[in-house]
>>> print(open('data-v6.txt').read())   # compact mmCIF, C-alpha atoms and all ligand atoms
# COMPACT_ATOMS: atom_id res chain seq x y z
CA MET A 701 21.93 0.65 13.73
CA ALA A 702 22.14 2.72 10.56
CA GLY A 703 18.91 4.56 9.72
CA TYR A 704 16.75 4.09 6.65
CA ASN A 705 17.35 6.14 3.49
CA THR A 706 14.29 5.24 1.45
CA ILE A 707 10.95 4.16 2.88
CA LEU A 708 8.10 2.73 0.84
CA LEU A 709 4.69 3.11 2.45
CA ALA A 710 2.01 0.77 1.04
CA ILE A 711 -1.53 2.04 1.51
CA ASP A 712 -4.87 0.38 0.76
CA LEU A 713 -6.80 3.65 1.39
CA SER A 714 -8.87 2.00 4.14
CA ASP A 715 -9.82 3.77 7.38
CA GLU A 716 -6.72 2.28 8.99
CA ALA A 717 -4.31 3.75 6.46
CA ASP A 718 -3.79 6.89 8.58
CA GLN A 719 -2.32 4.86 11.44
CA VAL A 720 0.14 3.16 9.09
CA ALA A 721 1.07 6.46 7.42
CA SER A 722 1.70 8.17 10.76
CA LYS A 723 4.29 5.52 11.64
CA ALA A 724 6.00 5.84 8.26
CA VAL A 725 6.05 9.64 8.46
CA SER A 726 7.60 9.52 11.96
CA LEU A 727 10.19 7.01 10.78
CA ALA A 728 11.06 9.16 7.76
CA LYS A 729 11.45 12.25 9.97
CA ALA A 730 13.60 10.44 12.52
CA ASP A 731 15.91 9.03 9.83
CA ASN A 732 15.71 12.01 7.47
CA ALA A 733 14.66 9.50 4.81
CA GLN A 734 12.83 9.80 1.50
CA LEU A 735 9.23 8.66 1.90
CA HIS A 736 7.45 7.16 -1.12
CA ILE A 737 3.88 5.90 -1.12
CA ILE A 738 2.24 3.24 -3.28
CA HIS A 739 -1.40 2.29 -3.80
CA VAL A 740 -2.14 -0.68 -6.02
CA ILE A 741 -5.42 -1.00 -7.86
CA GLU A 742 -6.42 -4.57 -8.54
CA PRO A 743 -7.94 -5.00 -12.02
CA LEU A 744 -11.58 -6.06 -11.96
CA SER A 745 -10.64 -8.85 -14.34
CA PHE A 746 -8.62 -10.43 -11.48
CA ALA A 747 -11.80 -10.72 -9.43
CA TYR A 748 -14.01 -12.05 -12.21
CA GLY A 749 -11.46 -13.80 -14.43
CA GLY A 750 -12.49 -14.21 -18.03
CA ASP A 751 -15.75 -15.87 -17.05
CA ILE A 752 -18.07 -12.89 -17.50
CA PRO A 753 -18.35 -11.53 -21.03
CA MET A 754 -18.39 -7.87 -19.96
CA ASP A 755 -16.21 -4.87 -20.72
CA PHE A 756 -15.02 -3.50 -17.39
CA SER A 757 -12.83 -0.75 -18.85
CA ARG A 758 -15.20 2.16 -18.07
CA ILE A 759 -15.69 1.06 -14.45
CA GLN A 760 -11.97 0.41 -14.14
CA GLU A 761 -11.20 3.97 -15.32
CA GLU A 762 -13.64 5.40 -12.79
CA LEU A 763 -12.14 3.33 -9.98
CA GLN A 764 -8.71 4.53 -10.99
CA GLN A 765 -9.79 8.18 -10.99
CA GLN A 766 -11.37 7.77 -7.56
CA ALA A 767 -8.24 6.10 -6.20
CA GLU A 768 -6.05 8.92 -7.59
CA ASP A 769 -8.28 11.55 -5.94
CA GLN A 770 -8.26 9.70 -2.63
CA LEU A 771 -4.50 9.21 -2.72
CA ASN A 772 -3.98 12.93 -3.43
CA THR A 773 -6.13 13.92 -0.47
CA PHE A 774 -4.37 11.35 1.71
CA CYS A 775 -0.92 12.61 0.68
CA GLU A 776 -1.88 16.26 1.27
CA LYS A 777 -2.94 15.30 4.79
CA HIS A 778 0.37 13.54 5.46
CA SER A 779 2.54 16.04 3.51
CA ILE A 780 3.79 13.51 0.96
CA ALA A 781 4.92 15.24 -2.25
CA ALA A 782 3.32 14.46 -5.62
CA ASN A 783 6.58 13.12 -7.07
CA LYS A 784 6.68 10.47 -4.33
CA GLN A 785 3.19 9.12 -5.08
CA HIS A 786 2.87 5.91 -7.07
CA ILE A 787 -0.43 4.47 -8.21
CA VAL A 788 -0.23 1.25 -10.18
CA ILE A 789 -2.50 -1.49 -11.45
CA GLY A 790 -1.75 -5.10 -10.63
CA ARG A 791 -1.38 -7.46 -7.70
CA PRO A 792 -0.45 -5.60 -4.51
CA GLU A 793 2.40 -7.92 -3.42
CA THR A 794 3.97 -7.98 -6.88
CA GLU A 795 3.76 -4.24 -7.47
CA ILE A 796 4.97 -3.35 -3.96
CA HIS A 797 8.01 -5.60 -4.39
CA ALA A 798 8.74 -4.22 -7.87
CA LEU A 799 8.62 -0.59 -6.73
CA ALA A 800 10.69 -1.32 -3.62
CA GLU A 801 13.38 -2.78 -5.91
CA ASP A 802 13.21 0.16 -8.35
CA LEU A 803 13.53 2.70 -5.56
CA GLU A 804 16.10 0.59 -3.72
CA ALA A 805 13.90 1.04 -0.67
CA ASP A 806 15.37 -0.23 2.56
CA VAL A 807 12.06 -0.70 4.34
CA ILE A 808 8.44 -1.29 3.31
CA VAL A 809 5.83 -0.05 5.81
CA LEU A 810 2.36 -1.60 5.74
CA GLY A 811 -0.55 -2.48 8.01
CA SER A 812 -1.27 -5.78 9.68
CA HIS A 813 -4.56 -6.69 11.27
CA GLY A 814 -3.81 -9.41 13.80
CA ARG A 815 -7.49 -10.17 14.31
CA HIS A 816 -7.33 -13.93 14.50
CA GLY A 817 -4.45 -14.90 16.76
CA LEU A 818 -0.87 -15.69 16.01
CA ALA A 819 -1.37 -17.97 13.02
CA LEU A 820 -3.20 -15.27 11.13
CA LEU A 821 -1.27 -12.37 12.57
CA LEU A 822 -0.63 -10.94 9.15
CA GLY A 823 -3.28 -10.40 6.51
CA SER A 824 -2.73 -11.84 3.06
CA THR A 825 -1.08 -8.78 1.51
CA ALA A 826 1.18 -8.21 4.50
CA ASN A 827 2.15 -11.87 4.45
CA GLY A 828 2.87 -11.87 0.71
CA VAL A 829 4.96 -8.69 0.94
CA LEU A 830 6.94 -9.98 3.91
CA HIS A 831 7.80 -13.27 2.22
CA GLY A 832 9.16 -11.94 -1.06
CA ALA A 833 10.83 -8.77 0.17
CA ASN A 834 14.54 -8.08 -0.23
CA CYS A 835 14.46 -5.36 2.41
CA ASP A 836 13.04 -4.84 5.89
CA VAL A 837 9.25 -4.88 6.30
CA LEU A 838 7.56 -2.98 9.11
CA ALA A 839 4.05 -4.33 9.76
CA VAL A 840 2.14 -1.72 11.77
CA ARG A 841 -0.55 -3.38 13.84
CA VAL A 842 -3.87 -1.71 13.07
CA GLY A 843 -7.54 -2.09 13.82
CA HIS A 844 -7.28 -4.61 16.65
CA LYS A 845 -9.95 -4.39 19.33
CA GLU A 846 -9.08 -7.26 21.73
P1 LIG B 1 -4.08 -7.02 4.19
O1 LIG B 1 -2.99 -8.03 4.32
O2 LIG B 1 -4.87 -7.12 2.93
O3 LIG B 1 -4.93 -6.89 5.43
O4 LIG B 1 -3.34 -5.61 4.02
C1 LIG B 1 -2.32 -5.28 4.92
C2 LIG B 1 -1.65 -4.01 4.47
O5 LIG B 1 -1.10 -4.18 3.15
C3 LIG B 1 -2.54 -2.77 4.38
O6 LIG B 1 -2.73 -2.17 5.64
C4 LIG B 1 -1.70 -1.91 3.45
O7 LIG B 1 -0.63 -1.33 4.18
C5 LIG B 1 -1.13 -2.95 2.48
N1 LIG B 1 -2.00 -3.08 1.29
C6 LIG B 1 -3.08 -3.90 1.14
N2 LIG B 1 -3.65 -3.73 -0.06
C7 LIG B 1 -2.91 -2.79 -0.69
C8 LIG B 1 -2.99 -2.14 -1.96
N3 LIG B 1 -3.96 -2.45 -2.84
N4 LIG B 1 -2.07 -1.22 -2.29
C9 LIG B 1 -1.08 -0.90 -1.42
N5 LIG B 1 -0.96 -1.46 -0.20
C10 LIG B 1 -1.85 -2.38 0.16
>>> encode(input="data-v6.txt", output="structure tokens")
Amino acid sequence: MAGYNTILLAIDLSDEADQVASKAVSLAKADNAQLHIIHVIEPLSFAYGGDIPMDFSRIQEELQQQAEDQLNTFCEKHSIAANKQHIVIGRPETEIHALAEDLEADVIVLGSHGRHGLALLLGSTANGVLHGANCDVLAVRVGHKE
């Protein structure tokens, strides 16, 4: 099997992200591939819709700054260069697919929880990414305690 050239690692910055990153880093080393990383920030307006007459822009900016700081620290730890880091605002599935297309990634690496048996093996983001992807998707099983 031919190796991968471009890997896109999707990270939610949770405690389990290190496990997912370690797999992607190993894969990139083994295949001598380019490793890109994406973190998607979901706008607060997605959570609250237009129902609450409040301006979320200040909080949104702070969340974004925090996410950028966390992603930098995370990438330093895993030796992922600044020009391979992508932080975007939107829906995770949509943005992960869009960047994978732009980069012509041949695999997306993400985490999967598998907490609730086979039917719910994949979480919602993992499921959404898998279904719309035009490339391979590697779901790294994380956080299971059974
Ligand atoms: P979930 O399906 O929400 O349990 O998430 C599964 C995996 O999708 C996570 O382990 C990450 O690899 C990826 N993911 C979830 N949310 C995001 C996000 N906001 N940005 C980038 N990747 C994400």
>>> residues_near_ligand(input="data-v6.txt", ligand="ligand LIG 1 (chain B)", cutoff="10 Å", atoms="all atoms listed in the file", output="ChimeraX atom specification")
/A:709-721,737-742,786-793,795-796,808-815,820-830,838-843
>>> atom_distance(input="data-v6.txt", atom1="CA of Ala798 (chain A)", atom2="CA of Leu735 (chain A)")
16.2 Å
>>> atom_distance(input="data-v6.txt", atom1="CA of Ile707 (chain A)", atom2="CA of Phe774 (chain A)")
17.0 Å
>>> axis_aligned_box(input="data-v6.txt", around="region 785-803 of chain A", padding_each_side="5 Å", output="JSON")
{"center_x": 5.5, "center_y": 0.6, "center_z": -7.4, "size_x": 26.0, "size_y": 27.1, "size_z": 18.0}
>>> atom_distance(input="data-v6.txt", atom1="CA of Leu771 (chain A)", atom2="CA of Lys784 (chain A)")
11.4 Å
>>> closest_residue(input="data-v6.txt", among="A:Asp806, A:Asp755, A:Asp769, A:Glu762", to="Asp731 (chain A)", atoms="all atoms listed in the file")
A:Asp806
>>> closest_residue(input="data-v6.txt", among="A:Leu744, A:Gln770, A:Leu763, A:His778", to="Lys723 (chain A)", atoms="only C-alpha atoms")
A:His778
>>> closest_residue(input="data-v6.txt", among="A:Pro743, A:Tyr704, A:Ile759, A:Ala800", to="Ala730 (chain A)", atoms="all atoms listed in the file")
A:Tyr704
